[in-house]
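Asks: Here's a structure for you.
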Number of protein chains: 2
Amino acid sequence: MGICEIIEKKRDGVELSKDEIGSFVSGCVSGTIPDYQASALLMAICVRGMGFRETLGLTEAMASSGARLDLSDIPGRKVDKHSTGGVGDKVSIILAPLVASCGLVVPMVSGRGLAHTGGTLDKLESIPGFRTNLSLTQFKANLRDIGVSIISQTEELVPADRKLYALRDVTGTVASIPLIAASIMSKKASEGTDSLVLDIKVGRGGFMKRADQARELGHLMTRIGREMGLTVVALLTSAEQPLGKAVGNSLEVQEAISVLRGESASEDLLEVTLELSSHMLLLGGRAHDLGEARNLVRSTLQSGRGLSKLRELIGRQGGDSSVVENPERLGRPEFQMEVTSRETGYVAQVDALEIGLASNQLGAGRETIDQEVDRSVGIFLAKKVGEEVSRGERLATIYANSQAKGEEAKERVYRAFKIAKEKAKPPTMVIGILRAG
Amino acid sequence: MGICEIIEKKRDGVELSKDEIGSFVSGCVSGTIPDYQASALLMAICVRGMGFRETLGLTEAMASSGARLDLSDIPGRKVDKHSTGGVGDKVSIILAPLVASCGLVVPMVSGRGLAHTGGTLDKLESIPGFRTNLSLTQFKANLRDIGVSIISQTEELVPADRKLYALRDVTGTVASIPLIAASIMSKKASEGTDSLVLDIKVGRGGFMKRADQARELGHLMTRIGREMGLTVVALLTSAEQPLGKAVGNSLEVQEAISVLRGESASEDLLEVTLELSSHMLLLGGRAHDLGEARNLVRSTLQSGRGLSKLRELIGRQGGDSSVVENPERLGRPEFQMEVTSRETGYVAQVDALEIGLASNQLGAGRETIDQEVDRSVGIFLAKKVGEEVSRGERLATIYANSQAKGEEAKERVYRAFKIAKEKAKPPTMVIGILRAG
């Protein structure tokens with residue numbers, strides 16, 4: 001069956017066969033299917049949807065479009081964590097070394113920031129010398145020697161996803177639950193992990209604005225995982241306000257280091273990190289139940305072993321590991337501007353989307369995949385939802401390399417904050433836990 | 001608003017504004033909108049549909065994408081006829097000279113065959129020397145001097161339609177009533193006609209298989225016409241079996257000539273031609289009612305003035321006008337093969353789609369727009385629906401340039417014919433007549 005007939009089938013809402021999906025994916029990668037046909041089919045999928053068998057077929061075809069990493073010769077259970085992307089989400093930088101120092105292997109193939117969200121790779125690259133573009137051989141060597149490595153997608157892994165994602169990004173076909181699930185799960189299936197904890201962000205700062213959409217995506221990914229031999233647990237976590245206090249690449253690395261040093265941490269960041277880490281330990285067989293897992297994570301954090309592991313990780317990937325002791329080496333931008341409250345009351349909202357966009361305006365994010373990011377700029381939140389604030393008191397600090405951009409960002413930060421007369425409760429961070437079946 | 005936001009709006013089923021549609025059309029023509037974005041939007045339109053205001057906006061934007069012919073300096077009322085495409089549809093070759101010889105101006109910008117249907121231009125080009133690629137200046141000169149001209153779309157007219165149609169053809173986005181309506185009506189609005197009779201084919205041989213779809217398309221086009229200052233009447237005509245007896249380019253020209261000579265004609269072909277012509281005369285003010293129009297067409301046909309006008313038309317467009325007297329000059333292919341009935345009974349069906357595909361197999365049609373066609377090959381139907389046939393009697397003759405292709409076509413012709421014990425009624429040819437409002 002030709003590609004036109006396949007497009008017409010999906011246009012009319014008919015289920016595609018495994019072979020049809022396979023020939024679409026391989027044609028896209030080989031270039032025999034031109035972009036204009038691929039985007040027509042992607043739009044038909046977006047509007048008509050895909051059933052479970054179709055989504056699984058797409059995920060499998062994408063995962064098989066390139067190399068699949070085999071980690072079976074590395075001793076220990078491999079557990080990864082993947083987030084759908086949030087504002088201020090520096091969890092991987094804390095959790096990966098923490099979980100690795102609990103005795104699991106953490107193979108992380110991470111992403112870059114896109115739209116209003118940041119990316120782990122951009123954050124790590126604010127550490128002088130840190131390299132994320134390791135070869136798969138170097139990646140495996142790190143996993144074997146220190147139990148953790150965080151790299152960017154290589155040319156060999158999942159070429160179909162790189163191709164289709166770039167196309168979806170410019171054709172209005174990103175917002176499709178089956179396509180999002182296939183993109184994430186094909187990447188995770190190709191990196192050779194045994195199990196996976198998903199962090200699905202829900203709310204203004206995430207790509208899923210509503211809990212029902214997030215739940216649908218989570219269920220779909222756990223089912224795909226089961227069919228592909230990958231144990232998956234999906235957590236739905238709140239993304240109404242930014243996670244933690246820092247937004248912006250080097251600022252977030254500093255906050256991550258501070259958590260690993262055991263300094264007083266933002267409650268929401270600590271909660272999400274501990275919960276995700278505990279589920280990883282449970283999947284990896286390091287604890288019998290969630291309570292035991294949580295105790296192990298807490299004690300490992302307090303012991304400083306997570307911090308030592310981060311130092312090792314930075315060193316192995318070419319970075320200046322002394323930043324762990326001297327975070328000021330990460331560099332500061334030219335301007336610091338305070339945002340002070342115009343009212344007295346309680347913080348009722350810190351809109352994560354607005355803060356993400358403000359951070360982008362400063363230069364911390366990118367609008368297209370090839371844009372350069374300014375790793376020194378960002379926003380530090382002095383107040384979060386539920387806290388009391390007096391008129392004239394600091395709400396946030398803006399770190400900028402241009403006075404004008406700083407002023408623009410300031411206006412957005414003001415818009416992000418809602419101050420109310422009555423005390424608001426901080427949001428519940430873990431909204432749901434989903435497992436296959 | 002950027003093209004991505006426009007695509008996302010239509011993806012979500014939101015109505016597009018006139019400006020958004022305009023920027024899409026102009027971006028496609030200028031090339032600033034790449035094909036992969038255009039095809040994503042076309043697919044979203046296909047699945048989500050378009051409201052009347054949107055379809056009108058698209059038609060207007062397309063019509064304004066190139067030159068618009070001004071025929072106001074040519075005396076007389078201008079009336080065109082357009083068919084959505086059928087099998088054996090040689091009506092234009094009879095009707096255009098016939099209506100012109102009744103005193104109206106007939107400006108026809110015609111199409112080529114596509115899929116299983118033939119095209120008027122391909123048929124006319126089987127006349128030695130006949131040129132359809134006239135300049136707009138030559139076209140106007142013909143209209144002024146002899147009242148009729150039939151040409152192909154030029155580079156100047158409706159570039160948006162050429163661009164979008166080529167893309168739709170390869171992205172599964174042809175089957176959309178708003179897109180079909182905008183394509184046809186933008187072309188007709190640009191050619192400068194005052195009024196238009198549409199022949200919407202319904203049934204196995206047409207692109208609209210069902211009467212309700214055809215009716216929807218017809219209503220839409222008459223409404224668009226009214227908004228654009230073009231009087232439109234749409235006829236729904238049956239395309240269950242091929243129209244007339246000949247299918248294939250030169251064979252159809254011969255049949256058209258034979259009708260204009262007043263020789264005994266196939267009932268269905270005569271009926272459709274007379275009905276369409278009568279509506280043209282009515283729109284052009286040459287008659288007060290349909291009865292009077294029909295009498296005028298009949299008497300003009302009998303007078304031979306239609307035939308003389310065809311001779312003039314052929315001469316003006318560089319063709320050998322002696323074919324009108326000596327149709328054998330159109331050339332015959334190498335092989336003639338008879339298809340004889342395997343049963344005795346009555347013809348219950350001659351499947352127009354199968355006959356169209358059989359004719360294509362012989363080389364008479366094209367699958368892609370740049371393919372060469374063999375103008376000498378085709379199929380002549382000796383029997384049509386309702387006629388009696390005995391075992392061994394001829395059903396059809398195949399004209400081929402390859403024995404193997406002839407044999408293949410023969411099997412298809414057998415499949416097209418259904419012979420029943422009971423006499424079937426020939427189909428009603430004119431199923432409906434639609435006017436704006």
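Residue numbering restarts at 1 for every chain of the structure tokens, chains are lettered A, B, ... in their displayed order, and ligands are numbered from 1 as they appear.
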May I have the residues of chain B within 9 Å of chain A, counting only C-alpha atoms, written as a PyMOL selection string?
Replies: chain B and resi 3-9+11-12+34-44+46-48+167+169-173
Asks: Counting only C-alpha atoms, what is within 9 Å of B:Leu282, bar same-chain residues fewer than 6 positions away, as a PyMOL selection string?
Replies: chain B and resi 288-290+292-293
Asks: What does the distance from atom CA of B:Ala396 to atom CA of B:Val339 come to in Å, to one decimal?
Replies: 5.1 Å
Asks: Among stretch 250-431 of chain A, which residues does DSSP mark as strand (DSSP E or B) when it is run on the backbone? Keep the chain and numbering as in the structure and answer as a PyMOL selection string.
Replies: chain A and resi 335-340+345-350+378-381+388-389+394-400+417-420+430-431
Asks: Excluding B:His116 and its own-chain neighbours fewer than 5 positions away, which residues fall within 8 Å of it when counting only C-alpha atoms? Please give them as an MDAnalysis selection string.
Replies: chainID B and resid 87 205 353 356:357 360 365
Asks: Please produce a file of the residues just selected, as a PDB file, in the first residue's frame, where the atoms kept are N, CA and C atoms.
Replies:
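File written: out.pdb
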```
ATOM      1  N   VAL B  87     -16.363   9.796 -16.993  1.00  0.00           N
ATOM      2  CA  VAL B  87     -15.810   8.867 -17.979  1.00  0.00           C
ATOM      3  C   VAL B  87     -16.655   8.983 -19.252  1.00  0.00           C
ATOM      4  N   GLY B 205     -18.562   6.626 -11.687  1.00  0.00           N
ATOM      5  CA  GLY B 205     -17.555   7.213 -12.561  1.00  0.00           C
ATOM      6  C   GLY B 205     -17.133   8.612 -12.158  1.00  0.00           C
ATOM      7  N   LEU B 353     -16.374   3.431 -13.580  1.00  0.00           N
ATOM      8  CA  LEU B 353     -15.032   3.430 -12.987  1.00  0.00           C
ATOM      9  C   LEU B 353     -14.148   2.369 -13.637  1.00  0.00           C
ATOM     10  N   GLY B 356     -13.264   3.401 -17.118  1.00  0.00           N
ATOM     11  CA  GLY B 356     -12.259   4.469 -17.053  1.00  0.00           C
ATOM     12  C   GLY B 356     -10.872   3.899 -16.759  1.00  0.00           C
ATOM     13  N   LEU B 357     -10.820   2.955 -15.838  1.00  0.00           N
ATOM     14  CA  LEU B 357      -9.529   2.346 -15.489  1.00  0.00           C
ATOM     15  C   LEU B 357      -9.001   1.490 -16.639  1.00  0.00           C
ATOM     16  N   ASN B 360      -7.502   3.749 -19.112  1.00  0.00           N
ATOM     17  CA  ASN B 360      -6.193   4.195 -18.600  1.00  0.00           C
ATOM     18  C   ASN B 360      -5.119   3.141 -18.826  1.00  0.00           C
ATOM     19  N   GLY B 365      -5.151   7.507 -20.349  1.00  0.00           N
ATOM     20  CA  GLY B 365      -5.158   8.448 -19.228  1.00  0.00           C
ATOM     21  C   GLY B 365      -3.796   8.536 -18.571  1.00  0.00           C
TER      22      GLY B 365
END
```
